[in-house]
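Visitor: My structure is below; once you've seen it, I'll send some questions.
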Amino acid sequence: MLTVEFDRLGLAPEERVLDMGCGAGRHAFECLRRGARVVALDADEVELKAVAAVMAAMAEAGEVHDEAAGLAVRGTALDLPFADDSFDRIIAAEVLEHIPDDEVAMGELARVLRRDGRMAITVPRYGPEFVNWMLSSDYHEIPGGHVRIYRRGQLEERLGRAGLRVTGHHHTHGLHSPYWWLKCLVGVGNDQHRLVKAYHGVLVHDIMHRSAWTQVPERALAPFIGKSLVVYVEHAS
């Protein structure tokens with residue numbers, strides 16, 4: 001399930017990409033498939049080992065171009081272990097809302113992005129996220145959980161102070177907001193609830209098959225209740 005639109009990111013083969021806070025690696029894997037040289041960075045060593053294993057398996061199976069390469073690196077967004085101007089493209093998907101000092105992280109992202117590079121940043125959208133917080137404290141009051149909800153203007157203002165300029169934005173994952181509202185209502189950890197299991201099946205079907213009966217409502221709902229806000233940025237000067 002990709003959150004970033006790669007056509008907007010403008011990724012080309014052999015470009016160097018940082019997937020900052022890669023998690024399970026979904027965007028890093030797509031970058032590899034598109035022929036990029038990918039650095040997947042995360043603070044979670046267990047997830048990084050899994051990401052590295054998948055990237056190695058993709059290469060062994062011939063799923064990536066010869067010029068593509070993948071590397072898993074453990075690190076923190078507050079002190080990226082890279083030189084200035086290291087990356088042509090950067091993805092930071094659903095990361096900044098977890099970081100108390102987010103402006104330091106934004107400054108680090110700006111530092112390692114090439115002057116003519118482009119970055120995609122995604123965060124939970126204010127409206128759907130606010131509903132989750134109101135329905136369940138367990139949704140965000142966990143170690144490493146969400147510490148803030150961004151309004152788009154606030155996010156753009158902070159990115160601007162880091163020397164970055166927003167060039168476009170969109171919302172996505174319209175089917176996912178009702179799913180999380182339901183989980184918050186019945187208990188965030190209650191994955192065995194029959195309604196949660198049924199809705200999860202719908203989301204899995206959408207990811208696996210991208211059929212019209214899920215894609216049509218996804219596209220219709222995303223502008224209004226899409227769970228994620230995606231902004232595309234470049235250096236302001």
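By convention in this document, the chains of the structure tokens carry letters A, B, ... by their order, each chain's residues are numbered from 1, and ligands are numbered from 1 in the order they are shown.
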Can you pull out the residues contacting range 49-55 of chain A? Cut-off 7 Å, using only C-alpha atoms, and skip same-chain residues under 4 positions away; I want them as an MDAnalysis selection string.
Guide: chainID A and resid 24:25 29 45 59 70:72
Visitor: What are the closest atom pairs, with distances in Å to one decimal, for all residues of range 2-101 of chain A lying within 10 Å of range 157-181 of chain A? Consider only C-alpha atoms, order rows by chain and residue number, and present the result as CSV.
Guide:
```
residue,atom,partner,partner_atom,distance
A:Leu2,CA,A:His173,CA,9.2
A:Thr3,CA,A:Thr172,CA,6.7
A:Val4,CA,A:Thr172,CA,8.8
A:Glu5,CA,A:His170,CA,9.3
A:Arg8,CA,A:Gly168,CA,8.6
```
Visitor: Excluding Gly21 in chain A and any residue of its chain fewer than 3 positions from it, enumerate the residues within 7 Å of it, using only C-alpha atoms, and give them as JSON, numbers by chain.
Guide: {"A": [41, 42, 92, 95]}
Visitor: For the residues selected in the previous step, produce a file with C-alpha atoms as a PDB file, in the first residue's frame.
Guide:
```
ATOM      1  CA  LEU A  41      16.592   4.195   7.353  1.00  0.00           C
ATOM      2  CA  ASP A  42      14.802   3.384  10.592  1.00  0.00           C
ATOM      3  CA  ALA A  92       9.281  10.508   4.884  1.00  0.00           C
ATOM      4  CA  VAL A  95       7.078   9.714  10.525  1.00  0.00           C
TER       5      VAL A  95
END
```
Visitor: Give me the residues within 9 Å of Asp79 in chain A as a short mmCIF file (atom, residue, chain, number, x, y, z; two decimals) with N, CA and C atoms, in the first residue's frame, counting only C-alpha atoms and dropping any in the same chain fewer than 4 places off.
Guide:
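And here is the file that came out, out_37.cif:
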```
data_model
loop_
_atom_site.label_atom_id
_atom_site.label_comp_id
_atom_site.auth_asym_id
_atom_site.auth_seq_id
_atom_site.Cartn_x
_atom_site.Cartn_y
_atom_site.Cartn_z
N GLY A 75 19.27 4.46 12.10
CA GLY A 75 19.58 5.84 12.42
C GLY A 75 18.35 6.59 12.90
N VAL A 104 13.63 19.93 13.97
CA VAL A 104 15.00 19.45 13.82
C VAL A 104 15.05 18.38 12.72
N ALA A 105 14.08 17.48 12.72
CA ALA A 105 14.02 16.44 11.69
C ALA A 105 13.84 17.06 10.31
N GLU A 108 17.10 18.40 9.12
CA GLU A 108 17.98 17.33 8.68
C GLU A 108 17.58 16.82 7.29
#
```
Visitor: Give me the range 111-136 of chain A side of the contact with range 186-198 of chain A, cut-off 12 Å, one line per residue showing its nearest atom pair and distance in Å at one decimal, counting only C-alpha atoms, sorted by chain and residue number, as JSON lines.
Guide:
```
{"residue": "A:Asn132", "atom": "CA", "partner": "A:Val188", "partner_atom": "CA", "distance": 9.9}
{"residue": "A:Trp133", "atom": "CA", "partner": "A:Val188", "partner_atom": "CA", "distance": 11.3}
{"residue": "A:Leu135", "atom": "CA", "partner": "A:Gly187", "partner_atom": "CA", "distance": 9.5}
{"residue": "A:Ser136", "atom": "CA", "partner": "A:Val188", "partner_atom": "CA", "distance": 7.7}
```
Visitor: Find the residues near Val39 in chain A: any atom within 10 Å, counting only C-alpha atoms, skip ones fewer than 4 places away on the same chain, and give them as a PyMOL selection string.
Guide: chain A and resi 16-20+22+28+31-32+69-73+87+90
Visitor: What residues in range 43-199 of chain A get the DSSP label strand (DSSP E)? Please answer as a PyMOL selection string.
Guide: chain A and resi 69-74+87-93+113-124+164-172
Visitor: Using only C-alpha atoms, which residue out of A:Met1, A:Leu11, A:Leu182, A:Val112 lies closest to Arg33 in chain A?
Guide: A:Leu11
Visitor: Work out how far CA of Glu94 in chain A is from CA of Ile121 in chain A, in Å to one decimal.
Guide: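 Going from CA of Ile121 in chain A over to CA of Glu94 in chain A covers 7.7 Å.
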Visitor: So how far away is CA of Phe6 in chain A from CA of Ile225 in chain A, in Å?
Guide: 21.6 Å
Visitor: Counting only C-alpha atoms, which residue out of A:Ala222, A:Val38, A:Val131, A:Ala83 sits closest to Ala110 in chain A?
Guide: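 Among the listed residues, the smallest separation from Ala110 in chain A belongs to A:Ala83.
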